[in-house]
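Colleague: Below you'll find the structure I mean.
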Amino acid sequence: MTNHKTRIAVFCSGSGSNFQAIFHALKKKQLNAEIVLCLSNRSQCGAMEFAHQNVIATVHLTEKQFASFDEFAAAMVGCLREQRIDIIVLAGYMRKVPDTVVVAFQDKIINIHPALLPKFGGEGMYGIYVHTAVLDAGETESGATVHLVNEEYDKGRILMQRKVPVLPEDTPETLAARVLECEHRLYPEALEKLLDEQNS
Ligand code: GRF
């Protein structure tokens, strides 16, 4: 056991509703962990706005700012090291995390995917495409999956999964809304599980 407060970085590209759910859950449950950095490939998005409002450090980092991908990846690792980050939470980050970062933070990066992996995962399976595929396949249930991140899209060890029903009248949008609501409850629980695993 350690008294060290786990330092979390969230990576976001969009509205950041999962980031917000985790932020509030960490406070409510008084977990020994805090979000100290929001990293985004977009300088302006809901997640960055939320970080500013809550005095969480932000960094806008994109490949375009660097001469090569390797330099971009090295800068990302440098930034995470500088902020003494222990765990990375991907919350709607619409870029593949560079392998250099995955290797540097082995078993310390988690992601949430809006379906029941290993089904409906992999490259190109994100956002509304996932829910459209679920409906096209005639599935009667979908859900959310929190998994560790390795070098392959959506292939790391599954930490937690939760199901939601698919209703006959569902559109991709109504299903997406039901799954997102489920994500907001599941992601903080899965993060807590990871923190317990890391501290035991
Ligand atoms: C969620 O549906 C999540 O499953 C996926 O990206 C979306 C992020 O939404 N990885 P938000 O930015 O957390 O609102």
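Scheme for the structure tokens: letters A, B, ... for chains in order shown; per-chain residue numbers from 1; ligand numbers from 1 in order shown.
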May I have the residues within 6 Å of segment 126-142 of chain A as a CSV table (one decimal) with C-alpha atoms, in the first residue's frame, using only C-alpha atoms and disregarding those fewer than 6 positions away in the same chain?

Modeller:
chain,number,residue,atom,x,y,z
A,115,ALA,CA,-19.9,-1.9,-27.6
A,116,LEU,CA,-19.4,-5.3,-26.1
A,163,LYS,CA,-24.8,-4.5,-21.2
A,164,VAL,CA,-27.7,-2.4,-22.3
A,165,PRO,CA,-30.7,-3.7,-24.3
A,166,VAL,CA,-31.1,-2.9,-28.0
A,172,PRO,CA,-28.0,4.5,-33.9

Colleague: Which residues form the shell of 10 Å around ligand 1 when you count only C-alpha atoms and all ligand atoms, given as an MDAnalysis selection string?

Modeller: chainID A and resid 11:22 45:47 90:94 111:115 125:128 130:131 143:146 176:177 179:184 187

Colleague: I need the residues in segment 13-199 of chain A that are alpha helix (DSSP H) according to DSSP; give them as a PyMOL selection string.

Modeller: chain A and resi 17-28+46-53+69-82+99-104+128-136+172-199

Colleague: Go ahead and write the selection's residues with C-alpha atoms as a JSON list (two decimals), in the first residue's frame.

Modeller:
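Result file result_15.json:
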[["chain", "number", "residue", "atom", "x", "y", "z"],
["A", 17, "SER", "CA", -18.69, 13.62, -20.83],
["A", 18, "ASN", "CA", -16.78, 10.53, -19.63],
["A", 19, "PHE", "CA", -13.98, 12.78, -18.35],
["A", 20, "GLN", "CA", -16.59, 14.73, -16.39],
["A", 21, "ALA", "CA", -18.19, 11.57, -15.01],
["A", 22, "ILE", "CA", -14.81, 10.32, -13.80],
["A", 23, "PHE", "CA", -13.85, 13.71, -12.36],
["A", 24, "HIS", "CA", -17.04, 13.85, -10.29],
["A", 25, "ALA", "CA", -16.81, 10.20, -9.22],
["A", 26, "LEU", "CA", -13.23, 10.60, -7.98],
["A", 27, "LYS", "CA", -14.35, 13.52, -5.82],
["A", 28, "LYS", "CA", -17.53, 11.88, -4.58],
["A", 46, "GLY", "CA", -15.88, 20.38, -24.41],
["A", 47, "ALA", "CA", -13.22, 18.43, -22.55],
["A", 48, "MET", "CA", -10.65, 21.25, -22.71],
["A", 49, "GLU", "CA", -13.31, 23.72, -21.63],
["A", 50, "PHE", "CA", -14.21, 21.55, -18.64],
["A", 51, "ALA", "CA", -10.52, 21.23, -17.70],
["A", 52, "HIS", "CA", -10.07, 25.02, -17.79],
["A", 53, "GLN", "CA", -13.17, 25.54, -15.66],
["A", 69, "PHE", "CA", 5.62, 11.25, -35.75],
["A", 70, "ASP", "CA", 8.52, 10.06, -33.59],
["A", 71, "GLU", "CA", 9.11, 13.58, -32.31],
["A", 72, "PHE", "CA", 5.40, 13.92, -31.58],
["A", 73, "ALA", "CA", 5.41, 10.64, -29.65],
["A", 74, "ALA", "CA", 8.56, 11.62, -27.74],
["A", 75, "ALA", "CA", 6.99, 14.96, -26.80],
["A", 76, "MET", "CA", 3.90, 13.15, -25.52],
["A", 77, "VAL", "CA", 5.99, 10.84, -23.33],
["A", 78, "GLY", "CA", 8.01, 13.85, -22.14],
["A", 79, "CYS", "CA", 4.89, 15.76, -21.18],
["A", 80, "LEU", "CA", 3.46, 12.77, -19.29],
["A", 81, "ARG", "CA", 6.74, 12.20, -17.46],
["A", 82, "GLU", "CA", 7.06, 15.88, -16.60],
["A", 99, "ASP", "CA", 3.26, 2.82, -29.55],
["A", 100, "THR", "CA", 6.07, 4.61, -27.72],
["A", 101, "VAL", "CA", 3.53, 5.87, -25.19],
["A", 102, "VAL", "CA", 1.85, 2.46, -24.92],
["A", 103, "VAL", "CA", 5.22, 0.84, -24.18],
["A", 104, "ALA", "CA", 6.20, 3.57, -21.69],
["A", 128, "ILE", "CA", -22.02, 6.20, -34.63],
["A", 129, "TYR", "CA", -20.38, 3.53, -36.86],
["A", 130, "VAL", "CA", -20.35, 1.16, -33.90],
["A", 131, "HIS", "CA", -24.04, 1.58, -33.14],
["A", 132, "THR", "CA", -25.02, 1.33, -36.80],
["A", 133, "ALA", "CA", -23.09, -1.94, -37.07],
["A", 134, "VAL", "CA", -24.75, -3.29, -33.91],
["A", 135, "LEU", "CA", -28.22, -2.52, -35.31],
["A", 136, "ASP", "CA", -27.34, -3.88, -38.77],
["A", 172, "PRO", "CA", -28.01, 4.53, -33.94],
["A", 173, "GLU", "CA", -28.56, 7.78, -32.06],
["A", 174, "THR", "CA", -30.96, 6.39, -29.42],
["A", 175, "LEU", "CA", -28.70, 3.40, -28.88],
["A", 176, "ALA", "CA", -25.65, 5.69, -28.61],
["A", 177, "ALA", "CA", -27.40, 7.74, -25.92],
["A", 178, "ARG", "CA", -28.27, 4.60, -23.89],
["A", 179, "VAL", "CA", -24.73, 3.26, -24.15],
["A", 180, "LEU", "CA", -23.18, 6.63, -23.23],
["A", 181, "GLU", "CA", -25.28, 6.81, -20.08],
["A", 182, "CYS", "CA", -24.03, 3.32, -19.21],
["A", 183, "GLU", "CA", -20.43, 4.43, -19.89],
["A", 184, "HIS", "CA", -20.72, 7.25, -17.36],
["A", 185, "ARG", "CA", -21.43, 4.73, -14.62],
["A", 186, "LEU", "CA", -19.08, 2.00, -15.83],
["A", 187, "TYR", "CA", -15.93, 4.04, -16.48],
["A", 188, "PRO", "CA", -15.46, 5.34, -12.92],
["A", 189, "GLU", "CA", -16.04, 1.81, -11.55],
["A", 190, "ALA", "CA", -13.51, 0.32, -13.94],
["A", 191, "LEU", "CA", -10.97, 3.01, -13.07],
["A", 192, "GLU", "CA", -11.46, 2.23, -9.39],
["A", 193, "LYS", "CA", -10.83, -1.45, -10.17],
["A", 194, "LEU", "CA", -7.62, -0.56, -11.98],
["A", 195, "LEU", "CA", -6.49, 1.62, -9.07],
["A", 196, "ASP", "CA", -7.17, -1.24, -6.66],
["A", 197, "GLU", "CA", -5.22, -3.64, -8.87],
["A", 198, "GLN", "CA", -2.28, -1.25, -9.09],
["A", 199, "ASN", "CA", -2.18, -0.67, -5.35]]

Colleague: Mind giving me the straight-line distance from atom CA of Asn3 of chain A to atom CA of Ile35 of chain A in Å, one decimal?

Modeller: 16.3 Å

Colleague: What gap, in Å, lies between atom CA of Lys96 of chain A and atom CA of Tyr153 of chain A?

Modeller: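 Calculated distance between atom CA of Lys96 of chain A and atom CA of Tyr153 of chain A is 7.8 Å.
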
Colleague: Pick from A:Leu31, A:Val10, A:Leu37, A:Val149: nearest to Arg84 of chain A, with only C-alpha atoms counted?

Modeller: A:Leu37

Colleague: Kindly give the distance, in Å, that separates atom CA of Val55 of chain A and atom CA of Asn32 of chain A, rounded to a single decimal.

Modeller: 18.4 Å
